[in-house]
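**Q** To be precise about what I am sending: the file is called structure21.csv and holds CSV, C-alpha atoms.
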chain,number,residue,atom,x,y,z
A,1,ALA,CA,-47.7,3.3,-15.3
A,2,GLN,CA,-45.0,0.9,-14.5
A,3,SER,CA,-43.3,0.3,-11.1
A,4,VAL,CA,-40.5,-2.0,-9.9
A,5,THR,CA,-39.9,-3.5,-6.5
A,6,GLN,CA,-36.6,-5.0,-5.5
A,7,LEU,CA,-37.4,-7.0,-2.4
A,8,ASP,CA,-33.9,-7.0,-0.9
A,9,SER,CA,-31.9,-3.8,-0.2
A,10,GLN,CA,-28.8,-5.8,0.7
A,11,VAL,CA,-27.7,-9.3,0.0
A,12,PRO,CA,-24.5,-10.7,1.6
A,13,VAL,CA,-23.1,-14.0,0.2
A,14,PHE,CA,-19.9,-15.9,0.4
A,15,GLU,CA,-17.5,-16.1,-2.6
A,16,GLU,CA,-18.4,-19.0,-5.0
A,17,ALA,CA,-21.9,-19.3,-3.6
A,18,PRO,CA,-24.9,-18.9,-5.9
A,19,VAL,CA,-27.0,-15.7,-5.6
A,20,GLU,CA,-30.5,-14.6,-6.7
A,21,LEU,CA,-31.5,-10.9,-6.6
A,22,ARG,CA,-35.3,-10.5,-6.7
A,23,CYS,CA,-37.3,-8.1,-8.9
A,24,ASN,CA,-41.0,-7.8,-9.3
A,25,TYR,CA,-42.7,-5.3,-11.6
A,26,SER,CA,-46.2,-3.9,-12.1
A,27,SER,CA,-47.5,-2.9,-15.5
A,28,SER,CA,-50.8,-2.8,-17.4
A,29,VAL,CA,-49.0,-3.2,-20.8
A,30,SER,CA,-46.3,-5.4,-22.2
A,31,VAL,CA,-42.9,-4.6,-20.9
A,32,TYR,CA,-39.2,-4.4,-21.5
A,33,LEU,CA,-37.1,-5.5,-18.5
A,34,PHE,CA,-33.5,-4.7,-17.7
A,35,TRP,CA,-30.8,-5.2,-15.0
A,36,TYR,CA,-28.1,-2.6,-14.6
A,37,VAL,CA,-25.0,-2.8,-12.4
A,38,GLN,CA,-23.2,0.0,-10.6
A,39,TYR,CA,-19.7,-0.9,-9.4
A,40,PRO,CA,-18.2,1.2,-6.6
A,41,ASN,CA,-17.4,4.7,-7.9
A,42,GLN,CA,-18.5,3.9,-11.4
A,43,GLY,CA,-21.5,4.7,-13.6
A,44,LEU,CA,-24.3,2.3,-14.4
A,45,GLN,CA,-23.9,-0.2,-17.1
A,46,LEU,CA,-26.3,-2.7,-18.7
A,47,LEU,CA,-26.0,-6.4,-17.5
A,48,LEU,CA,-28.9,-7.8,-19.6
A,49,LYS,CA,-32.3,-7.1,-21.0
A,50,TYR,CA,-35.5,-8.8,-22.0
A,51,LEU,CA,-37.4,-7.4,-24.9
A,52,SER,CA,-39.2,-10.5,-26.3
A,53,GLY,CA,-38.6,-14.2,-27.2
A,54,SER,CA,-36.9,-16.6,-24.8
A,55,THR,CA,-37.7,-15.9,-21.2
A,56,LEU,CA,-34.2,-16.8,-20.0
A,57,VAL,CA,-31.8,-14.0,-20.8
A,58,LYS,CA,-28.0,-14.3,-20.4
A,59,GLY,CA,-25.9,-11.2,-19.8
A,60,ILE,CA,-22.4,-10.2,-19.1
A,61,ASN,CA,-20.1,-11.6,-16.3
A,62,GLY,CA,-22.1,-14.9,-16.0
A,63,PHE,CA,-25.4,-13.4,-14.9
A,64,GLU,CA,-28.8,-14.5,-16.2
A,65,ALA,CA,-32.4,-13.6,-15.5
A,66,GLU,CA,-35.7,-15.2,-16.2
A,67,PHE,CA,-38.8,-13.4,-17.2
A,68,ASN,CA,-41.9,-14.8,-15.5
A,69,LYS,CA,-45.0,-13.1,-16.8
A,70,SER,CA,-47.5,-14.9,-14.5
A,71,GLN,CA,-45.5,-13.9,-11.4
A,72,THR,CA,-44.5,-10.5,-12.9
A,73,SER,CA,-40.9,-11.2,-11.9
A,74,PHE,CA,-37.5,-10.8,-13.5
A,75,HIS,CA,-35.0,-12.3,-10.9
A,76,LEU,CA,-31.3,-12.1,-11.5
A,77,ARG,CA,-29.1,-15.1,-10.8
A,78,LYS,CA,-25.5,-16.2,-10.9
A,79,PRO,CA,-24.4,-19.7,-10.0
A,80,SER,CA,-21.0,-18.7,-8.5
A,81,VAL,CA,-20.1,-15.2,-7.4
A,82,HIS,CA,-16.7,-13.5,-7.2
A,83,ILE,CA,-15.4,-10.7,-5.1
A,84,SER,CA,-15.5,-8.5,-8.2
A,85,ASP,CA,-19.3,-8.9,-8.3
A,86,THR,CA,-19.6,-6.6,-5.3
A,87,ALA,CA,-21.8,-3.8,-6.6
A,88,GLU,CA,-25.3,-2.3,-6.6
A,89,TYR,CA,-27.8,-3.9,-8.9
A,90,PHE,CA,-30.8,-2.2,-10.3
A,91,CYS,CA,-33.8,-3.7,-12.0
A,92,ALA,CA,-35.7,-1.5,-14.5
A,93,VAL,CA,-38.9,-1.7,-16.5
A,94,SER,CA,-40.5,0.3,-19.3
A,95,GLY,CA,-43.8,-0.3,-21.0
A,96,GLN,CA,-43.5,-1.0,-24.7
A,97,GLY,CA,-44.3,2.0,-26.9
A,98,ALA,CA,-41.9,4.8,-26.1
A,99,GLN,CA,-42.6,4.8,-22.4
A,100,LYS,CA,-40.2,5.9,-19.7
A,101,LEU,CA,-37.7,3.5,-18.0
A,102,VAL,CA,-38.3,3.2,-14.3
A,103,PHE,CA,-35.7,1.8,-11.9
A,104,GLY,CA,-36.1,-0.1,-8.6
A,105,GLN,CA,-34.5,0.9,-5.4
A,106,GLY,CA,-31.4,-1.2,-6.0
A,107,THR,CA,-29.9,-4.2,-4.2
A,108,ARG,CA,-26.4,-4.0,-2.7
A,109,LEU,CA,-24.6,-7.3,-3.3
A,110,THR,CA,-21.7,-7.9,-0.9
A,111,ILE,CA,-19.4,-10.8,-1.4
A,112,ASN,CA,-17.5,-12.2,1.6
A,113,PRO,CA,-14.3,-14.2,1.2
B,1,GLY,CA,-18.7,12.8,-28.5
B,2,ALA,CA,-17.7,9.4,-27.2
B,3,GLY,CA,-20.2,9.3,-24.4
B,4,VAL,CA,-22.8,11.2,-22.4
B,5,SER,CA,-21.3,14.3,-21.0
B,6,GLN,CA,-22.7,16.2,-18.0
B,7,SER,CA,-21.6,19.5,-16.5
B,8,PRO,CA,-20.7,20.6,-14.0
B,9,SER,CA,-19.5,17.4,-12.3
B,10,ASN,CA,-19.9,19.1,-8.9
B,11,LYS,CA,-22.1,22.0,-7.9
B,12,VAL,CA,-22.3,23.6,-4.4
B,13,THR,CA,-25.0,26.2,-4.0
B,14,GLU,CA,-26.8,28.0,-1.3
B,15,LYS,CA,-30.4,27.3,-0.4
B,16,GLY,CA,-32.8,29.5,-2.4
B,17,LYS,CA,-30.5,29.8,-5.4
B,18,ASP,CA,-31.3,28.5,-8.9
B,19,VAL,CA,-29.1,26.0,-10.6
B,20,GLU,CA,-28.7,24.7,-14.2
B,21,LEU,CA,-27.4,21.2,-15.0
B,22,ARG,CA,-26.4,20.4,-18.5
B,23,CYS,CA,-26.4,17.1,-20.4
B,24,ASP,CA,-24.9,16.4,-23.9
B,25,PRO,CA,-26.2,13.0,-25.0
B,26,ILE,CA,-24.5,10.7,-27.6
B,27,SER,CA,-25.1,12.1,-31.1
B,28,GLY,CA,-28.1,10.5,-32.8
B,29,HIS,CA,-29.7,9.2,-29.6
B,30,THR,CA,-33.4,10.0,-29.6
B,31,ALA,CA,-34.2,9.2,-26.0
B,32,LEU,CA,-32.9,11.2,-23.1
B,33,TYR,CA,-33.6,10.7,-19.4
B,34,TRP,CA,-32.9,12.6,-16.2
B,35,TYR,CA,-32.7,10.6,-12.9
B,36,ARG,CA,-31.8,11.6,-9.4
B,37,GLN,CA,-29.8,9.3,-7.2
B,38,SER,CA,-29.7,9.7,-3.4
B,39,LEU,CA,-28.2,7.5,-0.8
B,40,GLY,CA,-30.6,4.6,-0.2
B,41,GLN,CA,-33.1,5.9,-2.7
B,42,GLY,CA,-32.1,4.2,-5.9
B,43,LEU,CA,-32.7,6.0,-9.2
B,44,GLU,CA,-35.6,8.3,-9.1
B,45,PHE,CA,-37.0,9.1,-12.5
B,46,LEU,CA,-37.4,12.8,-13.3
B,47,ILE,CA,-38.1,13.4,-17.0
B,48,TYR,CA,-38.0,11.6,-20.3
B,49,PHE,CA,-37.6,13.0,-23.8
B,50,GLN,CA,-38.2,10.8,-26.8
B,51,GLY,CA,-37.7,12.3,-30.2
B,52,ASN,CA,-40.1,15.1,-31.0
B,53,SER,CA,-42.8,13.8,-28.7
B,54,ALA,CA,-43.9,15.8,-25.7
B,55,PRO,CA,-41.7,15.0,-22.7
B,56,ASP,CA,-42.9,12.8,-19.9
B,57,LYS,CA,-42.5,15.1,-16.9
B,58,SER,CA,-44.3,12.8,-14.5
B,59,GLY,CA,-41.3,12.3,-12.2
B,60,LEU,CA,-40.5,16.0,-11.5
B,61,PRO,CA,-40.9,16.4,-7.7
B,62,SER,CA,-42.2,19.9,-7.8
B,63,ASP,CA,-42.8,22.9,-10.0
B,64,ARG,CA,-39.3,24.2,-9.0
B,65,PHE,CA,-37.9,21.6,-11.4
B,66,SER,CA,-38.0,22.0,-15.2
B,67,ALA,CA,-36.1,20.6,-18.1
B,68,GLU,CA,-35.8,21.3,-21.8
B,69,ARG,CA,-34.1,19.6,-24.7
B,70,THR,CA,-33.1,21.9,-27.5
B,71,GLY,CA,-32.8,20.7,-31.1
B,72,GLY,CA,-33.2,17.1,-30.0
B,73,SER,CA,-29.8,17.2,-28.5
B,74,VAL,CA,-28.5,19.1,-25.4
B,75,SER,CA,-30.7,19.1,-22.4
B,76,THR,CA,-30.8,21.4,-19.4
B,77,LEU,CA,-32.3,20.6,-16.0
B,78,THR,CA,-33.2,23.7,-14.0
B,79,ILE,CA,-33.9,23.7,-10.3
B,80,GLN,CA,-35.3,27.0,-8.9
B,81,ARG,CA,-35.1,28.1,-5.3
B,82,THR,CA,-33.0,25.1,-4.3
B,83,GLN,CA,-33.7,23.3,-1.0
B,84,GLN,CA,-31.4,21.1,1.0
B,85,GLU,CA,-33.5,18.0,0.1
B,86,ASP,CA,-32.5,18.6,-3.6
B,87,SER,CA,-29.0,17.5,-2.7
B,88,ALA,CA,-28.2,14.4,-4.8
B,89,VAL,CA,-26.4,13.1,-7.8
B,90,TYR,CA,-28.3,14.0,-11.0
B,91,LEU,CA,-27.8,11.5,-13.8
B,92,CYS,CA,-28.5,12.0,-17.5
B,93,ALA,CA,-28.7,9.0,-19.8
B,94,SER,CA,-29.5,8.6,-23.5
B,95,SER,CA,-30.3,5.7,-25.8
B,96,LEU,CA,-30.6,5.2,-29.5
B,97,GLU,CA,-34.3,4.4,-29.1
B,98,GLN,CA,-36.6,2.9,-26.5
B,99,GLY,CA,-35.7,-0.6,-25.6
B,100,GLU,CA,-32.0,-0.1,-26.3
B,101,LYS,CA,-29.5,0.2,-23.5
B,102,LEU,CA,-29.0,3.5,-21.7
B,103,PHE,CA,-25.6,5.2,-21.7
B,104,PHE,CA,-25.2,7.1,-18.5
B,105,GLY,CA,-23.2,10.3,-17.9
B,106,SER,CA,-21.0,10.6,-14.8
B,107,GLY,CA,-23.6,12.7,-13.1
B,108,THR,CA,-23.6,16.1,-11.3
B,109,GLN,CA,-23.2,16.0,-7.6
B,110,LEU,CA,-25.4,18.8,-6.3
B,111,SER,CA,-25.0,20.0,-2.7
B,112,VAL,CA,-27.4,22.6,-1.3
B,113,LEU,CA,-26.1,24.3,1.8
Let me see whether you can do it: turn the structure in this file into structure tokens.
**A**
Amino acid sequence: AQSVTQLDSQVPVFEEAPVELRCNYSSSVSVYLFWYVQYPNQGLQLLLKYLSGSTLVKGINGFEAEFNKSQTSFHLRKPSVHISDTAEYFCAVSGQGAQKLVFGQGTRLTINP
Amino acid sequence: GAGVSQSPSNKVTEKGKDVELRCDPISGHTALYWYRQSLGQGLEFLIYFQGNSAPDKSGLPSDRFSAERTGGSVSTLTIQRTQQEDSAVYLCASSLEQGEKLFFGSGTQLSVL
């Protein structure tokens, strides 16, 4: 079975500062990895995903994530955040081969002016 | 339809009553998930349907919870003898196939009094 750990429940940063949201996973098989974002009072939407190939994945709104198999991590980064990035971010993993998608507990990103 | 539709959007019930939550996925999507979102708890996986395969029920918290998906389309999540701890937002999501992005419904806010 797969599991996901998001190490930080809340991350406060100043506007235009860089941010990294951490995600570690556990799996006995090859995985697909995802980051979803939930803006206030909205549904979840996909930021980016890793299925195979290049370990550096670029997503929407300037976010990127790097798959590190040896460290079983998939951390999300943005070089300069904006007030509009305030949201809850969820990391998710599924094992390849029609397996369920499991989400982490979420990280609340708060941007201060 | 244009997206994943869930009904009702809000449900208030008394402890001990049964409730049924409905999900209409996007037409043609083979994968359908139910998740539960509580404050500070992230997205808790409940059940996963993939095509004609047997569903993955490993996330259902107790035998009071059950779900079915008829004709590979509409799904119903049933909670029997509701308890106060069942109060949460129940989210349905579908995807074209495993590894593709999930499209989430707006959720059903369940309140058990």
**Q** Kindly provide the residues of chain A that approach chain B to within 7 Å, each paired with its closest atom pair and their distance in Å to one decimal, based on only C-alpha atoms, listed by chain and increasing number, as a Markdown table.
**A**
| residue | atom | partner | partner_atom | distance |
| --- | --- | --- | --- | --- |
| A:Tyr32 | CA | B:Gly99 | CA | 6.6 |
| A:Gly43 | CA | B:Ser106 | CA | 6.0 |
| A:Leu44 | CA | B:Phe104 | CA | 6.4 |
| A:Leu46 | CA | B:Lys101 | CA | 6.5 |
| A:Ala98 | CA | B:Gln98 | CA | 5.6 |
| A:Lys100 | CA | B:Tyr48 | CA | 6.1 |
| A:Val102 | CA | B:Phe45 | CA | 6.3 |
| A:Phe103 | CA | B:Leu43 | CA | 5.8 |
| A:Gly104 | CA | B:Gly42 | CA | 6.5 |
| A:Gln105 | CA | B:Gly42 | CA | 4.1 |
| A:Gly106 | CA | B:Gly42 | CA | 5.4 |
**Q** Name the residues in contact with Thr82 (chain B) at a cut-off of 12 Å, using all atoms listed in the file, excluding same-chain residues fewer than 6 positions from it; report them as a CSV table (one decimal) with C-alpha atoms, in the coordinates of the input.
**A**
chain,number,residue,atom,x,y,z
B,11,LYS,CA,-22.1,22.0,-7.9
B,12,VAL,CA,-22.3,23.6,-4.4
B,13,THR,CA,-25.0,26.2,-4.0
B,14,GLU,CA,-26.8,28.0,-1.3
B,15,LYS,CA,-30.4,27.3,-0.4
B,16,GLY,CA,-32.8,29.5,-2.4
B,17,LYS,CA,-30.5,29.8,-5.4
B,18,ASP,CA,-31.3,28.5,-8.9
B,19,VAL,CA,-29.1,26.0,-10.6
B,20,GLU,CA,-28.7,24.7,-14.2
B,62,SER,CA,-42.2,19.9,-7.8
B,63,ASP,CA,-42.8,22.9,-10.0
B,64,ARG,CA,-39.3,24.2,-9.0
B,65,PHE,CA,-37.9,21.6,-11.4
B,88,ALA,CA,-28.2,14.4,-4.8
B,110,LEU,CA,-25.4,18.8,-6.3
B,111,SER,CA,-25.0,20.0,-2.7
B,112,VAL,CA,-27.4,22.6,-1.3
B,113,LEU,CA,-26.1,24.3,1.8
**Q** Which value, in Å to one decimal, gives the distance between CA of Ser30 (chain A) and CA of Asn52 (chain B)?
**A**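 Separating CA of Ser30 (chain A) from CA of Asn52 (chain B) is a distance of 23.2 Å.
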**Q** For Asn68 (chain A), work out the shell of residues within 12 Å, counting all atoms listed in the file and skipping chain neighbours fewer than 3 positions away, then give it as a PDB file with C-alpha atoms, in the coordinates of the input.
**A**
ATOM      1  CA  ARG A  22     -35.300 -10.500  -6.700  1.00  0.00           C
ATOM      2  CA  CYS A  23     -37.300  -8.100  -8.900  1.00  0.00           C
ATOM      3  CA  ASN A  24     -41.000  -7.800  -9.300  1.00  0.00           C
ATOM      4  CA  TYR A  25     -42.700  -5.300 -11.600  1.00  0.00           C
ATOM      5  CA  VAL A  31     -42.900  -4.600 -20.900  1.00  0.00           C
ATOM      6  CA  LEU A  33     -37.100  -5.500 -18.500  1.00  0.00           C
ATOM      7  CA  TYR A  50     -35.500  -8.800 -22.000  1.00  0.00           C
ATOM      8  CA  SER A  52     -39.200 -10.500 -26.300  1.00  0.00           C
ATOM      9  CA  SER A  54     -36.900 -16.600 -24.800  1.00  0.00           C
ATOM     10  CA  THR A  55     -37.700 -15.900 -21.200  1.00  0.00           C
ATOM     11  CA  LEU A  56     -34.200 -16.800 -20.000  1.00  0.00           C
ATOM     12  CA  VAL A  57     -31.800 -14.000 -20.800  1.00  0.00           C
ATOM     13  CA  ALA A  65     -32.400 -13.600 -15.500  1.00  0.00           C
ATOM     14  CA  GLN A  71     -45.500 -13.900 -11.400  1.00  0.00           C
ATOM     15  CA  THR A  72     -44.500 -10.500 -12.900  1.00  0.00           C
ATOM     16  CA  SER A  73     -40.900 -11.200 -11.900  1.00  0.00           C
ATOM     17  CA  PHE A  74     -37.500 -10.800 -13.500  1.00  0.00           C
ATOM     18  CA  HIS A  75     -35.000 -12.300 -10.900  1.00  0.00           C
ATOM     19  CA  LEU A  76     -31.300 -12.100 -11.500  1.00  0.00           C
TER      20      LEU A  76
END
**Q** One decimal, Å: what's the distance from CA of Asn61 (chain A) over to CA of Ser27 (chain B), could you say?
**A**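 Going from CA of Asn61 (chain A) over to CA of Ser27 (chain B), I get 28.4 Å.
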**Q** To one decimal place, how far is CA of Pro25 (chain B) from CA of Phe34 (chain A) in Å?
**A** 20.5 Å
**Q** Taking 6 positions as the minimum chain separation for residues in the same chain, which residues sit within 10 Å of Glu16 (chain A) when counting only C-alpha atoms? Answer as an NGL selection string.
**A** :A and (78-83 or 111-113)
**Q** Please save C-alpha atoms of the selected residues as a compact mmCIF listing (two decimals), in the frame of the given file.
**A**
# COMPACT_ATOMS: atom_id res chain seq x y z
CA LYS A 78 -25.50 -16.20 -10.90
CA PRO A 79 -24.40 -19.70 -10.00
CA SER A 80 -21.00 -18.70 -8.50
CA VAL A 81 -20.10 -15.20 -7.40
CA HIS A 82 -16.70 -13.50 -7.20
CA ILE A 83 -15.40 -10.70 -5.10
CA ILE A 111 -19.40 -10.80 -1.40
CA ASN A 112 -17.50 -12.20 1.60
CA PRO A 113 -14.30 -14.20 1.20
**Q** Would you please work out which residue, of B:Leu21, B:Val4, B:Ile26, B:Cys92, is nearest to Ser66 (chain B) when using all atoms listed in the file?
**A**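 Checking each of B:Leu21, B:Val4, B:Ile26, B:Cys92 against Ser66 (chain B), counting all atoms listed in the file, the winner is B:Leu21.
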**Q** Find the residue from B:Gln109, B:Ser5, B:Gln83, B:Thr30 that sits nearest to Arg69 (chain B); use only C-alpha atoms when measuring.
**A**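 When distances to Arg69 (chain B) are compared using only C-alpha atoms, the smallest one comes from B:Thr30.
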**Q** Hey, can you pull every residue with an atom no more than 9 Å from (-32.5, 18.9, -25.9), using only C-alpha atoms, and send it as a VMD selection string?
**A** chain B and resid 23 to 25 32 49 67 to 76
**Q** Excluding Glu88 (chain A) and any residue of its chain fewer than 4 positions from it, enumerate the residues within 10 Å of it, using all atoms listed in the file, and give them as JSON, numbers by chain.
**A** {"A": [9, 10, 11, 36, 37, 38, 39, 40, 44, 105, 106, 107, 108, 109, 110], "B": [42]}
**Q** Kindly indicate which residue among B:His29, B:Pro8, B:Pro61, B:Arg36 lies nearest to Ser95 (chain B), using all atoms listed in the file for the distances.
**A**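 Ranking B:His29, B:Pro8, B:Pro61, B:Arg36 by distance to Ser95 (chain B), first place goes to B:His29.
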